[in-house]
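Participant: Got a structure here, written out as structure tokens. Questions coming.
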Amino acid sequence: MHRIVHIVGARPNFMKAAPVIASLSARDGMQQMLVHTGQHYDQKMSDIFFQQLGLPQPDLNLEVGSGSHAVQTGQIMIRFEEVAQDVRPDLVLVYGDVNSTVAAALVCAKLNISVGHVEAGLRSFDRTMPEEINRLLTDQIADLLLTPSADGNENLIREGVAPEKIHLVGNVMIDTLVRLSPAALERWERGQVAERRDDAYALVTLHRPSNVDDEEMLQEIVQTLIAIGQRVPVIFPVHPRTRQRLSKLDAPGIERLNLIEPIGYLDFLALQHHASVVITDSGGIQEETTFLGVPCLTVRENTERPITVSLGTNTLVGRDMQRLRSEADRVLDGYVRPHELPPLWDGKASERIADIVVDYVR
């Protein structure tokens, strides 16, 4: 029996791990363990995703909670080291670019335990982003690098990673989207989705420190959203970090925005399906909107997912609010930019990962 440990800590990890766990469950001789670091611990931000994604309850929750990057990463390392020494897995799979990812990978490297990185090779080339440091370090440590797109392979080769470690598997988040879209659309048709509407609307998510921790920037973004809201309703599920910052703003007209509580994956997926435009600073949403063919305006100067811009529906508007407004107007006026589906974004990435993992541990 081969022991595989999956490390998750934040919502994007859950969406990536769920299909991989399911695919490995169908393979003989695979004993799996799910470790939740507790990096996201609010019920709305965590538990509901387990329920809707069909993830098994974690075998272990390290319950690290919030803290600075150093505190959170350190606590995960301290608590996971004990688990890794006790379990001695054949392979630890880490996902994405959160603190849980790099912390678990560092522990495994010190203990000579093999690490596989799902979503390896993505680069924003912006080292002011904590996630970029997590990606760079994890990819230097990992034994299996499982990339979602060809640019990931190119980045890793350029950084000196041995080619035999690199495997282009496609985007595992799309596996979850493909599997759960019918359920999301069924909820929509039954009128079970929060803020369901039959007219045009803009869907917004914001959580990155560069946008929400800078009061002047947040003020500009909110005023732009209020202006867009004069054309179409703006639905804005508010991340707890963002809500805290918004409460301190003096923003006349903010009541025109539909500021709602964080919602589950199925409802958010349904809202993405039907949105006229999505405005975000989230990496995963850039990918999901590309698959769905929905225009996406990303409030960031760069992206670690450039394929969503070169092939997909994503436009980087940076911190230029005039551009955000003009691009939103263009989309709402009916402009559709040419786009296509990136290769291997076919809902079968987890099967390819399972094949590689089984071959590796045997």
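Lettering and numbering for the structure tokens are positional, with chains as A, B, ... in the shown order, residues counted from 1 in each chain, and ligands counted from 1 in the shown order.
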Show me, as a list in words, the residues that have an atom within 10 Å of Glu164 in chain A when counting only C-alpha atoms, minus same-chain residues fewer than 5 positions from it.
Facilitator: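 Contacts, in chain order: Asp143, Leu144 and Leu145 of chain A.
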Participant: DSSP says helix (DSSP H, G or I) for which residues of range 117-322 of chain A? Put them as a PyMOL selection string?
Facilitator: chain A and resi 130-141+150-158+163-165+172-189+209-212+215-228+240-246+254-256+265-274+283-292+307-310+321-322
Participant: Report as JSON, numbers by chain all protein, DNA and RNA residues lying within 12 Å of range 79-83 of chain A, evaluated on only C-alpha atoms, omitting residues in the same chain fewer than 3 positions from it.
Facilitator: {"A": [5, 6, 7, 8, 33, 34, 35, 36, 37, 38, 59, 60, 61, 62, 63, 64, 72, 73, 74, 75, 76, 86, 87, 88, 89, 92, 100, 101, 102, 103, 104, 105, 106, 107, 108, 109, 110, 111, 112, 113]}
Participant: Could you give me, as a Markdown table, a per-residue list for range 309-338 of chain A showing, wherever an atom lies at most 12 Å from an atom of range 205-215 of chain A, the closest pair of atoms and their distance in Å to one decimal, using only C-alpha atoms and sorting by chain then residue number from low to high?
Facilitator:
| residue | atom | partner | partner_atom | distance |
| --- | --- | --- | --- | --- |
| A:Gly318 | CA | A:Asn211 | CA | 10.2 |
| A:Arg319 | CA | A:Asn211 | CA | 8.3 |
| A:Asp320 | CA | A:Asn211 | CA | 11.6 |
| A:Met321 | CA | A:Asn211 | CA | 11.7 |
Participant: Keeping only C-alpha atoms, write the selected residues as a PDB file, in the first residue's frame.
Facilitator:
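Resulting contents of again_10.pdb:
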ATOM      1  CA  GLY A 318      -3.724  47.011 -13.682  1.00  0.00           C
ATOM      2  CA  ARG A 319      -4.473  49.775 -11.183  1.00  0.00           C
ATOM      3  CA  ASP A 320      -5.737  52.095 -13.902  1.00  0.00           C
ATOM      4  CA  MET A 321      -9.351  52.774 -12.965  1.00  0.00           C
TER       5      MET A 321
END
Participant: Please give the complete set of residues from range 107-308 of chain A that DSSP, run on the backbone, assigns to strand (DSSP E), formatted as a list of chain:residue names.
Facilitator: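 The strand (DSSP E) residues within range 107-308 of chain A come out as A:Val115, A:Gly116, A:His117, A:Val118, A:Leu144, A:Leu145, A:Leu146, A:Thr147, A:Ile166, A:His167, A:Leu168, A:Ala202, A:Leu203, A:Val204, A:Val234, A:Ile235, A:Phe236, A:Pro237, A:Asn258, A:Leu259, A:Ile260, A:Val277, A:Val278, A:Ile279, A:Thr280, A:Cys296, A:Leu297, A:Thr298.
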Participant: Restricting the calculation to only C-alpha atoms, which member of A:Ala270, A:Val232, A:Leu137, A:Leu225 is positioned closest to Gln322 in chain A?
Facilitator: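 Using only C-alpha atoms, the shortest distance to Gln322 in chain A belongs to A:Leu225.
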Participant: Which of these, A:Asp333, A:Met30, A:Leu324, A:Val20, has the shortest distance to Val358 in chain A once you count only C-alpha atoms?
Facilitator: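 Closest residue, counting only C-alpha atoms: A:Met30.
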Participant: Considering only C-alpha atoms, return as JSON, numbers by chain whatever protein or nucleic-acid residues lie within 12 Å of Ala120 in chain A, sequence-local ones (same chain, fewer than 4 positions apart) excluded.
Facilitator: {"A": [93, 94, 95, 96, 97, 101, 102, 115, 116, 132, 134, 135, 136, 137, 138, 139, 140, 141, 142, 143, 144, 145, 146, 147, 148, 149, 150, 151, 152, 153, 154, 155, 156, 157, 161, 165, 166, 167, 168, 169, 170, 171, 172, 304, 305]}
Participant: Go ahead and save the residues from that selection, with C-alpha atoms, as an mmCIF file, in the first residue's frame.
Facilitator:
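Below is the file out-v2.cif, written as the result:
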data_model
loop_
_atom_site.group_PDB
_atom_site.id
_atom_site.type_symbol
_atom_site.label_atom_id
_atom_site.label_comp_id
_atom_site.auth_asym_id
_atom_site.auth_seq_id
_atom_site.Cartn_x
_atom_site.Cartn_y
_atom_site.Cartn_z
ATOM 1 C CA LEU A 93 1.015 16.461 -2.901
ATOM 2 C CA VAL A 94 0.881 20.232 -2.427
ATOM 3 C CA TYR A 95 -1.364 22.575 -4.401
ATOM 4 C CA GLY A 96 -1.087 26.101 -5.741
ATOM 5 C CA ASP A 97 0.906 28.867 -4.082
ATOM 6 C CA THR A 101 2.161 24.762 0.012
ATOM 7 C CA VAL A 102 5.689 26.009 0.630
ATOM 8 C CA VAL A 115 6.865 16.160 -2.995
ATOM 9 C CA GLY A 116 4.576 16.653 -5.971
ATOM 10 C CA GLU A 132 5.477 34.244 -6.193
ATOM 11 C CA ASN A 134 6.007 30.371 -2.505
ATOM 12 C CA ARG A 135 5.861 29.187 -6.131
ATOM 13 C CA LEU A 136 9.584 29.656 -6.763
ATOM 14 C CA LEU A 137 10.690 27.842 -3.610
ATOM 15 C CA THR A 138 8.203 24.985 -3.914
ATOM 16 C CA ASP A 139 9.237 24.277 -7.503
ATOM 17 C CA GLN A 140 12.918 24.078 -6.546
ATOM 18 C CA ILE A 141 12.091 21.543 -3.838
ATOM 19 C CA ALA A 142 9.518 19.371 -5.601
ATOM 20 C CA ASP A 143 10.272 15.989 -7.161
ATOM 21 C CA LEU A 144 7.205 15.988 -9.424
ATOM 22 C CA LEU A 145 6.201 19.242 -11.117
ATOM 23 C CA LEU A 146 2.693 19.014 -12.558
ATOM 24 C CA THR A 147 2.049 22.009 -14.800
ATOM 25 C CA PRO A 148 -1.295 23.395 -16.058
ATOM 26 C CA SER A 149 0.019 24.979 -19.264
ATOM 27 C CA ALA A 150 3.076 25.007 -21.526
ATOM 28 C CA ASP A 151 4.398 28.306 -20.141
ATOM 29 C CA GLY A 152 4.845 26.517 -16.800
ATOM 30 C CA ASN A 153 7.174 23.988 -18.431
ATOM 31 C CA GLU A 154 9.157 26.785 -20.089
ATOM 32 C CA ASN A 155 9.555 28.682 -16.807
ATOM 33 C CA LEU A 156 10.795 25.585 -14.971
ATOM 34 C CA ILE A 157 13.307 24.645 -17.676
ATOM 35 C CA VAL A 161 14.597 22.185 -13.145
ATOM 36 C CA LYS A 165 10.600 15.993 -13.259
ATOM 37 C CA ILE A 166 8.190 18.150 -15.308
ATOM 38 C CA HIS A 167 4.822 16.889 -16.535
ATOM 39 C CA LEU A 168 2.259 18.945 -18.471
ATOM 40 C CA VAL A 169 -1.091 17.705 -17.152
ATOM 41 C CA GLY A 170 -3.547 20.550 -17.757
ATOM 42 C CA ASN A 171 -5.605 22.603 -15.335
ATOM 43 C CA VAL A 172 -7.031 20.547 -12.490
ATOM 44 C CA GLU A 304 0.947 34.183 -13.201
ATOM 45 C CA ARG A 305 -1.641 32.831 -15.648
#
Participant: If we count only C-alpha atoms, what is near Leu266 in chain A at a cut-off of 10 Å, once residues fewer than 3 positions away on the same chain are taken out, given as a PyMOL selection string?
Facilitator: chain A and resi 48-49+52-53+177+180-188+193+263+269-272
Participant: Name the closest residue to Arg196 in chain A among the candidates A:Thr315, A:Ser114, A:Gln286, A:Asn258; distances are taken between atoms, counting only C-alpha atoms.
Facilitator: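 Checking each candidate against Arg196 in chain A, we get A:Asn258 as the closest.
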Participant: Could you jot down the CA of Val118 in chain A to CA of Asp90 in chain A separation for me, Å, one decimal place?
Facilitator: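 So the two atoms, CA of Val118 in chain A and CA of Asp90 in chain A, lie 16.1 Å apart.
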Participant: Counting only C-alpha atoms, what is within 8 Å of Phe236 in chain A, bar same-chain residues fewer than 3 positions away, as a list in words?
Facilitator: Leu203, Val204, Thr205, Leu257, Asn258, Leu259 and Ile260 of chain A
Participant: Measuring atom to atom with only C-alpha atoms, identify which of A:Phe291, A:Tyr335, A:Phe14, A:Tyr360 is nearest to Val178 in chain A.
Facilitator: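 Distance minimum relative to Val178 in chain A lands on A:Phe291.
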Participant: Enter the distance from CA of Thr176 in chain A to CA of Gly9 in chain A, in Å, rounded to one decimal.
Facilitator: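 So the two atoms, CA of Thr176 in chain A and CA of Gly9 in chain A, lie 17.3 Å apart.
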Participant: How far is it from CA of Glu216 in chain A to CA of Ser66 in chain A, in Å with one decimal?
Facilitator: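 Computing it gives 25.1 Å between the two atoms.
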